[in-house]
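Pasting start_11.cif here (mmCIF, C-alpha atoms):
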```cif
data_work
loop_
_atom_site.group_PDB
_atom_site.id
_atom_site.type_symbol
_atom_site.label_atom_id
_atom_site.label_comp_id
_atom_site.auth_asym_id
_atom_site.auth_seq_id
_atom_site.Cartn_x
_atom_site.Cartn_y
_atom_site.Cartn_z
ATOM 1 C CA MET R 19 -114.043 -85.581 166.941
ATOM 2 C CA SER R 20 -115.271 -81.954 167.044
ATOM 3 C CA SER R 21 -115.147 -79.667 164.038
ATOM 4 C CA THR R 22 -112.238 -77.696 165.559
ATOM 5 C CA GLU R 23 -110.045 -80.777 165.961
ATOM 6 C CA TYR R 24 -108.138 -82.098 162.990
ATOM 7 C CA ALA R 25 -107.069 -85.664 162.286
ATOM 8 C CA HIS R 26 -104.010 -84.009 160.742
ATOM 9 C CA PRO R 27 -102.478 -80.642 161.505
ATOM 10 C CA PRO R 28 -104.773 -77.751 160.567
ATOM 11 C CA PRO R 29 -104.217 -76.366 157.084
ATOM 12 C CA PHE R 30 -101.615 -73.609 156.927
ATOM 13 C CA ASP R 31 -104.188 -71.027 155.802
ATOM 14 C CA VAL R 32 -106.249 -71.678 158.954
ATOM 15 C CA VAL R 33 -103.189 -71.099 161.137
ATOM 16 C CA TYR R 34 -102.275 -68.002 159.113
ATOM 17 C CA GLU R 35 -105.743 -66.433 159.346
ATOM 18 C CA LYS R 36 -105.952 -67.046 163.081
ATOM 19 C CA LEU R 37 -102.463 -65.898 164.061
ATOM 20 C CA PHE R 38 -101.478 -63.188 161.565
ATOM 21 C CA PRO R 39 -103.502 -60.401 163.254
ATOM 22 C CA ILE R 40 -101.892 -61.155 166.623
ATOM 23 C CA ILE R 41 -98.293 -61.178 165.465
ATOM 24 C CA TYR R 42 -98.914 -58.220 163.140
ATOM 25 C CA ARG R 43 -100.022 -56.018 166.060
ATOM 26 C CA VAL R 44 -96.918 -57.027 168.015
ATOM 27 C CA SER R 45 -94.574 -56.291 165.122
ATOM 28 C CA LEU R 46 -96.336 -53.025 164.283
ATOM 29 C CA ARG R 47 -95.875 -51.710 167.801
ATOM 30 C CA VAL R 48 -92.220 -52.673 167.899
ATOM 31 C CA THR R 49 -91.391 -51.276 164.440
ATOM 32 C CA GLY R 50 -94.021 -48.549 164.065
ATOM 33 C CA ASP R 51 -94.231 -49.270 160.326
ATOM 34 C CA ARG R 52 -97.152 -51.146 158.752
ATOM 35 C CA GLU R 53 -95.292 -52.397 155.686
ATOM 36 C CA VAL R 54 -92.275 -53.510 157.677
ATOM 37 C CA ALA R 55 -94.506 -55.239 160.240
ATOM 38 C CA GLU R 56 -96.327 -57.108 157.468
ATOM 39 C CA ASP R 57 -93.035 -58.162 155.854
ATOM 40 C CA LEU R 58 -91.639 -59.370 159.173
ATOM 41 C CA CYS R 59 -94.819 -61.356 159.855
ATOM 42 C CA HIS R 60 -94.524 -63.023 156.471
ATOM 43 C CA ASP R 61 -90.886 -63.841 157.274
ATOM 44 C CA ALA R 62 -92.060 -65.422 160.518
ATOM 45 C CA PHE R 63 -94.626 -67.551 158.673
ATOM 46 C CA ILE R 64 -91.968 -68.658 156.200
ATOM 47 C CA LYS R 65 -89.888 -69.803 159.166
ATOM 48 C CA LEU R 66 -92.965 -71.615 160.497
ATOM 49 C CA MET R 67 -93.392 -73.461 157.206
ATOM 50 C CA GLU R 68 -89.843 -74.741 157.649
ATOM 51 C CA ARG R 69 -90.922 -76.126 161.041
ATOM 52 C CA SER R 70 -93.878 -78.271 160.019
ATOM 53 C CA ASP R 71 -93.715 -80.059 163.398
ATOM 54 C CA LEU R 72 -95.204 -76.932 165.006
ATOM 55 C CA LEU R 73 -98.313 -76.874 162.833
ATOM 56 C CA ALA R 74 -99.926 -79.675 164.804
ATOM 57 C CA ASP R 75 -100.720 -77.319 167.697
ATOM 58 C CA VAL R 76 -102.070 -73.838 166.935
ATOM 59 C CA GLU R 77 -101.315 -72.579 170.469
ATOM 60 C CA GLN R 78 -97.714 -73.741 170.186
ATOM 61 C CA CYS R 79 -97.550 -72.001 166.789
ATOM 62 C CA LYS R 80 -98.887 -68.833 168.380
ATOM 63 C CA TYR R 81 -96.219 -68.653 171.073
ATOM 64 C CA TRP R 82 -93.468 -69.641 168.656
ATOM 65 C CA LEU R 83 -94.558 -67.055 166.068
ATOM 66 C CA ILE R 84 -94.801 -64.304 168.667
ATOM 67 C CA ARG R 85 -91.236 -65.018 169.810
ATOM 68 C CA VAL R 86 -89.986 -65.130 166.208
ATOM 69 C CA VAL R 87 -91.736 -61.912 165.134
ATOM 70 C CA LYS R 88 -90.607 -60.183 168.324
ATOM 71 C CA ASN R 89 -86.993 -61.100 167.559
ATOM 72 C CA LEU R 90 -87.304 -60.167 163.874
ATOM 73 C CA SER R 91 -88.866 -56.824 164.808
ATOM 74 C CA LEU R 92 -86.268 -56.017 167.450
ATOM 75 C CA ASN R 93 -83.439 -56.942 165.083
ATOM 76 C CA TYR R 94 -84.974 -54.682 162.454
ATOM 77 C CA GLU R 95 -85.142 -51.844 164.976
ATOM 78 C CA LYS R 96 -81.505 -52.335 165.968
ATOM 79 C CA ARG R 97 -80.459 -52.043 162.323
ATOM 80 C CA ARG R 98 -82.473 -48.849 161.942
ATOM 81 C CA GLY R 99 -81.221 -47.314 165.189
ATOM 82 C CA ARG R 100 -78.375 -45.324 163.670
ATOM 83 C CA GLU R 101 -80.545 -44.212 160.786
ATOM 84 C CA ARG R 102 -83.212 -42.917 163.162
ATOM 85 C CA ALA R 103 -80.650 -40.942 165.144
ATOM 86 C CA ALA R 104 -79.412 -39.244 161.976
ATOM 87 C CA TYR R 105 -82.951 -38.410 160.827
ATOM 88 C CA SER R 106 -83.833 -37.175 164.293
ATOM 89 C CA LYS R 107 -80.971 -34.676 164.230
ATOM 90 C CA TYR R 108 -81.971 -33.557 160.750
ATOM 91 C CA SER R 109 -85.670 -33.190 161.598
ATOM 92 C CA ARG R 110 -84.938 -30.784 164.458
ATOM 93 C CA PHE R 111 -83.539 -28.316 161.937
ATOM 94 C CA SER R 112 -86.255 -28.638 159.296
ATOM 95 C CA THR R 113 -89.800 -27.307 159.465
ATOM 96 C CA PRO R 114 -92.616 -29.648 158.485
ATOM 97 C CA ALA R 115 -94.785 -28.708 155.506
ATOM 98 C CA ALA R 116 -98.278 -27.495 156.309
ATOM 99 C CA GLU R 117 -100.940 -30.166 155.872
ATOM 100 C CA SER R 118 -104.617 -29.832 155.256
ATOM 101 C CA GLY R 119 -106.802 -31.424 157.864
ATOM 102 C CA GLU R 120 -105.695 -30.425 161.349
ATOM 103 C CA THR R 121 -107.335 -33.502 162.852
ATOM 104 C CA ARG R 122 -105.413 -35.848 160.578
ATOM 105 C CA MET R 123 -102.173 -34.121 161.479
ATOM 106 C CA MET R 124 -102.922 -34.278 165.199
ATOM 107 C CA ASP R 125 -103.829 -37.973 164.962
ATOM 108 C CA GLU R 126 -100.585 -38.717 163.153
ATOM 109 C CA GLN R 127 -98.627 -36.681 165.699
ATOM 110 C CA THR R 128 -100.272 -38.579 168.549
ATOM 111 C CA ARG R 129 -99.363 -41.916 166.953
ATOM 112 C CA THR R 130 -95.815 -40.692 166.426
ATOM 113 C CA ASP R 131 -95.556 -39.425 170.010
ATOM 114 C CA VAL R 132 -96.829 -42.730 171.402
ATOM 115 C CA GLN R 133 -94.432 -44.711 169.190
ATOM 116 C CA HIS R 134 -91.481 -42.549 170.291
ATOM 117 C CA ALA R 135 -92.548 -42.901 173.920
ATOM 118 C CA LEU R 136 -92.791 -46.685 173.493
ATOM 119 C CA ASN R 137 -89.350 -46.732 171.876
ATOM 120 C CA SER R 138 -87.935 -44.826 174.855
ATOM 121 C CA LEU R 139 -88.969 -47.573 177.280
ATOM 122 C CA PRO R 140 -86.393 -50.207 178.158
ATOM 123 C CA TYR R 141 -86.876 -53.545 176.394
ATOM 124 C CA ASN R 142 -87.961 -55.397 179.543
ATOM 125 C CA LEU R 143 -90.859 -52.948 180.022
ATOM 126 C CA ARG R 144 -91.751 -52.194 176.398
ATOM 127 C CA VAL R 145 -92.207 -55.777 175.201
ATOM 128 C CA PRO R 146 -94.709 -56.929 177.868
ATOM 129 C CA LEU R 147 -96.720 -53.734 177.352
ATOM 130 C CA VAL R 148 -96.767 -54.190 173.560
ATOM 131 C CA PHE R 149 -97.809 -57.839 173.949
ATOM 132 C CA ARG R 150 -100.612 -56.849 176.336
ATOM 133 C CA GLU R 151 -101.969 -53.765 174.590
ATOM 134 C CA TYR R 152 -101.364 -54.546 170.940
ATOM 135 C CA GLY R 153 -100.990 -58.319 170.928
ATOM 136 C CA GLU R 154 -104.001 -58.646 173.244
ATOM 137 C CA LEU R 155 -102.257 -61.443 175.138
ATOM 138 C CA SER R 156 -103.070 -62.455 178.694
ATOM 139 C CA TYR R 157 -100.545 -62.011 181.495
ATOM 140 C CA ARG R 158 -100.075 -65.775 181.533
ATOM 141 C CA GLU R 159 -99.354 -65.893 177.781
ATOM 142 C CA ILE R 160 -96.869 -63.039 178.076
ATOM 143 C CA GLY R 161 -95.133 -64.773 180.977
ATOM 144 C CA THR R 162 -94.876 -67.977 178.949
ATOM 145 C CA ILE R 163 -93.377 -66.157 175.963
ATOM 146 C CA LEU R 164 -90.875 -64.170 178.032
ATOM 147 C CA GLY R 165 -90.106 -66.936 180.518
ATOM 148 C CA ILE R 166 -91.132 -64.881 183.569
ATOM 149 C CA SER R 167 -93.873 -65.201 186.177
ATOM 150 C CA GLU R 168 -97.341 -63.804 185.662
ATOM 151 C CA SER R 169 -96.877 -61.445 188.633
ATOM 152 C CA ASN R 170 -93.605 -60.183 187.136
ATOM 153 C CA VAL R 171 -95.477 -59.482 183.885
ATOM 154 C CA LYS R 172 -98.055 -57.416 185.809
ATOM 155 C CA VAL R 173 -95.330 -55.424 187.564
ATOM 156 C CA ARG R 174 -93.495 -54.728 184.308
ATOM 157 C CA ILE R 175 -96.667 -53.610 182.548
ATOM 158 C CA PHE R 176 -97.579 -51.344 185.469
ATOM 159 C CA ARG R 177 -94.105 -49.757 185.434
ATOM 160 C CA ALA R 178 -94.195 -49.436 181.636
ATOM 161 C CA ARG R 179 -97.538 -47.610 181.777
ATOM 162 C CA GLU R 180 -96.222 -45.285 184.482
ATOM 163 C CA ARG R 181 -93.105 -44.440 182.463
ATOM 164 C CA LEU R 182 -95.092 -44.100 179.243
ATOM 165 C CA GLY R 183 -97.434 -41.628 180.931
ATOM 166 C CA LYS R 184 -94.487 -39.679 182.299
ATOM 167 C CA VAL R 185 -92.722 -39.532 178.910
ATOM 168 C CA LEU R 186 -95.912 -38.434 177.158
ATOM 169 C CA SER R 187 -96.715 -35.773 179.767
ATOM 170 C CA GLU R 188 -93.138 -34.430 179.550
ATOM 171 C CA GLY R 189 -93.623 -34.153 175.801
ATOM 172 C CA ASP R 190 -96.774 -32.084 176.391
ATOM 173 C CA GLU R 191 -94.884 -29.743 178.722
ATOM 174 C CA HIS R 192 -92.281 -29.084 176.022
ATOM 175 C CA VAL R 193 -95.028 -28.155 173.555
ATOM 176 C CA SER R 194 -96.777 -25.685 175.910
#
```
Translate this file's structure into structure tokens.
Amino acid sequence: MSSTEYAHPPPFDVVYEKLFPIIYRVSLRVTGDREVAEDLCHDAFIKLMERSDLLADVEQCKYWLIRVVKNLSLNYEKRRGRERAAYSKYSRFSTPAAESGETRMMDEQTRTDVQHALNSLPYNLRVPLVFREYGELSYREIGTILGISESNVKVRIFRARERLGKVLSEGDEHVS
């Protein structure tokens, strides 16, 4: 028996350390909020603890956790949808306070622009792109999670990147 195989399921902390970074990146890109993403990941791990049958296989845990955190994150976003719309209307009429550090401000604006552009993509394009770019999953893994073919995943990611580029370039035109 190799050192990576366990006679019993791997200890929970081993599963947590291996999988938390993956599901955190997915949740962060869906929600755009570090604290919320962390909370949702912890909720997903709590759900995993209730399903001890999954702990026997780390890969099965990975796919299950990604699906759970994706659903938790999307549900969170749905709840915040109305709130975002109200803040968006308000923010158009207010002027942001001047910040020191132009670079920091530009970096934050870029992150915000990318997050808004991601949020503007339809679900079926946004999720595969988030899984690929921020979850660092292979096309095969994404297809397994979403229940679609690997070639369909590639097409969706290609279309998502095209639309993302278009949305971001349109945003630049409005600034000029």
Evaluated on this file, the PyMOL selection byres ((chain R and resi 172) around 10) picks out some residues - which ones are they, written as a compact mmCIF listing (two decimals) with C-alpha atoms, in the frame of the given file?
```txt
# COMPACT_ATOMS: atom_id res chain seq x y z
CA PRO R 146 -94.71 -56.93 177.87
CA LEU R 147 -96.72 -53.73 177.35
CA ARG R 150 -100.61 -56.85 176.34
CA TYR R 157 -100.54 -62.01 181.50
CA ARG R 158 -100.08 -65.78 181.53
CA ILE R 160 -96.87 -63.04 178.08
CA GLY R 161 -95.13 -64.77 180.98
CA SER R 167 -93.87 -65.20 186.18
CA GLU R 168 -97.34 -63.80 185.66
CA SER R 169 -96.88 -61.44 188.63
CA ASN R 170 -93.60 -60.18 187.14
CA VAL R 171 -95.48 -59.48 183.88
CA VAL R 173 -95.33 -55.42 187.56
CA ARG R 174 -93.50 -54.73 184.31
CA ILE R 175 -96.67 -53.61 182.55
CA PHE R 176 -97.58 -51.34 185.47
CA ARG R 177 -94.10 -49.76 185.43
CA ALA R 178 -94.20 -49.44 181.64
```
Is it possible to get the residues within 12 Å of (-87.3, -51.9, 157.3) (coordinates as in the file, counting all atoms listed in the file) written as a count of residues only? 25
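Excluding stretch 59-73 of chain R itself and same-chain residues fewer than 2 positions from it, the residues having an atom within 9 Å of it are Pro27, Pro28, Pro29, Phe30, Val33, Tyr34, Phe38, Ile41, Tyr42, Ser45, Val54, Ala55, Glu56, Asp57, Asp75, Val76, Gln78, Cys79, Trp82, Leu83, Ile84, Val86, Val87, Leu90 and Ser91 of chain R, counting only C-alpha atoms.
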Centre and edge lengths of an axis-aligned box around all listed atoms of stretch 55-68 of chain R, with 3 Å added on each side, are to be given in Å to one decimal, as JSON.
```
{"center_x": -93.1, "center_y": -65.0, "center_z": 158.2, "size_x": 12.5, "size_y": 25.5, "size_z": 10.7}
```
When the PyMOL selection byres ((chain R and resi 135) around 12) is applied to the structure above, which residues does it catch, written out as a PDB file with C-alpha atoms, in the coordinates of the input?
```pdb
ATOM      1  CA  ARG R  47     -95.875 -51.710 167.801  1.00  0.00           C
ATOM      2  CA  VAL R  48     -92.220 -52.673 167.899  1.00  0.00           C
ATOM      3  CA  GLY R  50     -94.021 -48.549 164.065  1.00  0.00           C
ATOM      4  CA  GLN R 127     -98.627 -36.681 165.699  1.00  0.00           C
ATOM      5  CA  THR R 128    -100.272 -38.579 168.549  1.00  0.00           C
ATOM      6  CA  ARG R 129     -99.363 -41.916 166.953  1.00  0.00           C
ATOM      7  CA  THR R 130     -95.815 -40.692 166.426  1.00  0.00           C
ATOM      8  CA  ASP R 131     -95.556 -39.425 170.010  1.00  0.00           C
ATOM      9  CA  VAL R 132     -96.829 -42.730 171.402  1.00  0.00           C
ATOM     10  CA  GLN R 133     -94.432 -44.711 169.190  1.00  0.00           C
ATOM     11  CA  HIS R 134     -91.481 -42.549 170.291  1.00  0.00           C
ATOM     12  CA  LEU R 136     -92.791 -46.685 173.493  1.00  0.00           C
ATOM     13  CA  ASN R 137     -89.350 -46.732 171.876  1.00  0.00           C
ATOM     14  CA  SER R 138     -87.935 -44.826 174.855  1.00  0.00           C
ATOM     15  CA  LEU R 139     -88.969 -47.573 177.280  1.00  0.00           C
ATOM     16  CA  PRO R 140     -86.393 -50.207 178.158  1.00  0.00           C
ATOM     17  CA  LEU R 143     -90.859 -52.948 180.022  1.00  0.00           C
ATOM     18  CA  ARG R 144     -91.751 -52.194 176.398  1.00  0.00           C
ATOM     19  CA  ALA R 178     -94.195 -49.436 181.636  1.00  0.00           C
ATOM     20  CA  ARG R 179     -97.538 -47.610 181.777  1.00  0.00           C
ATOM     21  CA  GLU R 180     -96.222 -45.285 184.482  1.00  0.00           C
ATOM     22  CA  ARG R 181     -93.105 -44.440 182.463  1.00  0.00           C
ATOM     23  CA  LEU R 182     -95.092 -44.100 179.243  1.00  0.00           C
ATOM     24  CA  GLY R 183     -97.434 -41.628 180.931  1.00  0.00           C
ATOM     25  CA  LYS R 184     -94.487 -39.679 182.299  1.00  0.00           C
ATOM     26  CA  VAL R 185     -92.722 -39.532 178.910  1.00  0.00           C
ATOM     27  CA  LEU R 186     -95.912 -38.434 177.158  1.00  0.00           C
ATOM     28  CA  SER R 187     -96.715 -35.773 179.767  1.00  0.00           C
ATOM     29  CA  GLU R 188     -93.138 -34.430 179.550  1.00  0.00           C
ATOM     30  CA  GLY R 189     -93.623 -34.153 175.801  1.00  0.00           C
ATOM     31  CA  ASP R 190     -96.774 -32.084 176.391  1.00  0.00           C
TER      32      ASP R 190
END
```
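The spacing separating atom CA of R:Val44 from atom CA of R:Gly153 amounts to 5.2 Å.
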